[in-house]
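Q: Have a look at this one before I ask anything.
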Amino acid sequence: MNYWLLKSEPDVYSIDDLIQEGEGVWDGVRNYQARNNLRAMLPGDLALFYHSNIGMEVVGMVEISTAAFADPTTEDDRWSAVGVKPVRKFKKPVPLKVLKSDPYFEDLTLVKHSRLSVMPVTKAHFDAILALSEA
């Protein structure tokens, strides 16, 4: 199993939107590194859902439900999407400022390359963020 972090602006697509849908499509990614990360995802992988720009916090966990397929938002076959389904919304979101202030997370991609919208996360970092959401 692999672990990921997916970023979305909550006024465009939020954790609540995904929960309401029950299952969604993670599409619209137009960065090659992020696209390659989408293509590496497998059904059953877990991802943290991060609200960017507004909130700037990890707000929940999702499961990859469908491996990469052609992004339905474009006819350009260079881009991919994956299916996602909600696992849970965090009762206590984990703000980016908390992660940046903790030396344990200094090599977390979200801290080092905060502009990337789809990124891998180590199991150790994934578990530590889950623990912070429950603290």
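Note on naming: chains are A, B, ... as they come in the structure tokens, residues start from 1 per chain, ligands start from 1 in the order shown.
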Can you check which residues of stretch 5-39 of chain A DSSP gives as alpha helix (DSSP H) on the backbone and send them as a PyMOL selection string?
A: chain A and resi 15-21+32-39
Q: Would you save the residues from that selection as a short mmCIF file (atom, residue, chain, number, x, y, z; two decimals), in the first residue's frame, using C-alpha atoms?
A:
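For reference, again22.cif as written:
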data_model
loop_
_atom_site.label_atom_id
_atom_site.label_comp_id
_atom_site.auth_asym_id
_atom_site.auth_seq_id
_atom_site.Cartn_x
_atom_site.Cartn_y
_atom_site.Cartn_z
CA ILE A 15 -13.88 17.05 1.75
CA ASP A 16 -17.56 17.75 2.36
CA ASP A 17 -18.22 17.70 -1.40
CA LEU A 18 -16.56 14.28 -1.66
CA ILE A 19 -18.46 12.95 1.34
CA GLN A 20 -21.73 14.15 -0.20
CA GLU A 21 -20.87 12.47 -3.53
CA TYR A 32 3.67 16.38 -14.84
CA GLN A 33 5.07 15.36 -11.46
CA ALA A 34 1.60 15.38 -9.89
CA ARG A 35 0.25 13.46 -12.91
CA ASN A 36 2.96 10.83 -12.51
CA ASN A 37 1.97 10.48 -8.86
CA LEU A 38 -1.65 9.93 -9.90
CA ARG A 39 -0.51 7.25 -12.33
#
Q: Using only C-alpha atoms, which residues sit within 9 Å of A:Ser8 once same-chain residues fewer than 5 positions away are excluded, as a list of chain:residue names?
A: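 Selected residues are A:Tyr13, A:Ser14, A:Ile15, A:Phe49, A:Tyr50, A:His51, A:Ser52, A:Asn53, A:Ser117.
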Q: Got a sec to tell me which of chain A DSSP assigns to strand (DSSP E), as JSON, numbers by chain?
A: {"A": [3, 4, 5, 6, 7, 8, 24, 25, 26, 46, 47, 48, 49, 50, 51, 57, 58, 59, 60, 61, 62, 63, 64, 65, 66, 67, 68, 69, 70, 80, 81, 82, 83, 84, 85, 86, 87, 88, 89, 90, 91, 92, 93, 94, 95, 118, 119, 120]}
Q: Pick out the residues sitting within 10 Å of A:Leu116, and hand them over as a PyMOL selection string; count only C-alpha atoms, and ignore anything fewer than 4 positions along from it in its own chain.
A: chain A and resi 5-7+29+31-34+109-110+112
Q: Can you list, as a list in words, every protein, DNA or RNA residue that comes within 12 Å of A:Asp76 when you count only C-alpha atoms, leaving out same-chain residues fewer than 4 positions away?
A: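 Listing them by chain and then by number gives Gly28, Val29, Arg30, Ala70, Asp71, Pro72 and Ser80 of chain A.
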Q: So, with only C-alpha atoms as the atoms that count, which of A:Glu75, A:Asp127, A:Glu106, A:Glu63 lies closest to A:Arg88?
A: A:Glu63
Q: As an exercise, work out the distance from atom CA of A:Lys97 to atom CA of A:Asp45 in Å and give it to one decimal place.
A: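 According to the coordinates, atom CA of A:Lys97 and atom CA of A:Asp45 are separated by 25.9 Å.
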Q: For the atom pair atom CA of A:Gly22 and atom CA of A:Trp79, what is the interatomic distance in Å to one decimal place?
A: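 So the answer is 23.6 Å.
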Q: By how many Å are atom CA of A:Val87 and atom CA of A:Leu46 apart?
A: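 Atom-to-atom, atom CA of A:Val87 to atom CA of A:Leu46, that is 8.8 Å.
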Q: Give me, as a PyMOL selection string, all polymer residues having an atom no more than 7 Å from A:Lys85, counting only C-alpha atoms and skipping those fewer than 5 positions away in the same chain.
A: chain A and resi 22-24+62-65
Q: Once you have the residues from the selection above, write them out as a PDB file, in the first residue's frame, restricted to N, CA and C atoms.
A:
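Below you can see again.pdb, which holds the result:
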ATOM      1  N   GLY A  22     -20.000  10.626  -2.202  1.00  0.00           N
ATOM      2  CA  GLY A  22     -19.779   9.224  -1.881  1.00  0.00           C
ATOM      3  C   GLY A  22     -18.577   8.636  -2.607  1.00  0.00           C
ATOM      4  N   GLU A  23     -18.341   9.089  -3.817  1.00  0.00           N
ATOM      5  CA  GLU A  23     -17.159   8.708  -4.591  1.00  0.00           C
ATOM      6  C   GLU A  23     -16.965   9.789  -5.639  1.00  0.00           C
ATOM      7  N   GLY A  24     -15.714  10.141  -5.867  1.00  0.00           N
ATOM      8  CA  GLY A  24     -15.448  11.219  -6.801  1.00  0.00           C
ATOM      9  C   GLY A  24     -14.284  10.909  -7.718  1.00  0.00           C
ATOM     10  N   VAL A  62      -8.880   9.760   2.438  1.00  0.00           N
ATOM     11  CA  VAL A  62      -9.629   9.149   1.341  1.00  0.00           C
ATOM     12  C   VAL A  62      -8.913   7.886   0.900  1.00  0.00           C
ATOM     13  N   GLU A  63      -9.640   7.065   0.176  1.00  0.00           N
ATOM     14  CA  GLU A  63      -9.065   5.848  -0.404  1.00  0.00           C
ATOM     15  C   GLU A  63      -9.110   5.970  -1.924  1.00  0.00           C
ATOM     16  N   ILE A  64      -8.048   5.544  -2.567  1.00  0.00           N
ATOM     17  CA  ILE A  64      -8.034   5.501  -4.022  1.00  0.00           C
ATOM     18  C   ILE A  64      -8.920   4.318  -4.430  1.00  0.00           C
ATOM     19  N   SER A  65      -9.956   4.607  -5.206  1.00  0.00           N
ATOM     20  CA  SER A  65     -10.919   3.559  -5.576  1.00  0.00           C
ATOM     21  C   SER A  65     -10.714   3.048  -6.996  1.00  0.00           C
TER      22      SER A  65
END
Q: For A:Pro120, which of A:Glu57, A:Glu134, A:Asp102, A:Asp107 is the closest residue, counting only C-alpha atoms?
A: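 With only C-alpha atoms as the atom set, the closest residue is A:Asp107.
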Q: If we count only C-alpha atoms, what is near A:Leu99 at a cut-off of 10 Å, once residues fewer than 2 positions away on the same chain are taken out, given as a PyMOL selection string?
A: chain A and resi 57-58+94-97+101-106+108+110-111+129+132
Q: Choose the residue, out of A:Val118, A:Glu9, A:Leu130, A:Leu48, that has the smallest atom-to-atom separation from A:Met61; count only C-alpha atoms.
A: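 Checking each of A:Val118, A:Glu9, A:Leu130, A:Leu48 against A:Met61, counting only C-alpha atoms, the winner is A:Leu48.
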Q: Have a look at A:Val59, A:Ala67, A:Ala135, A:Val25 and name the one nearest to A:Ala40; count only C-alpha atoms.
A: A:Ala67
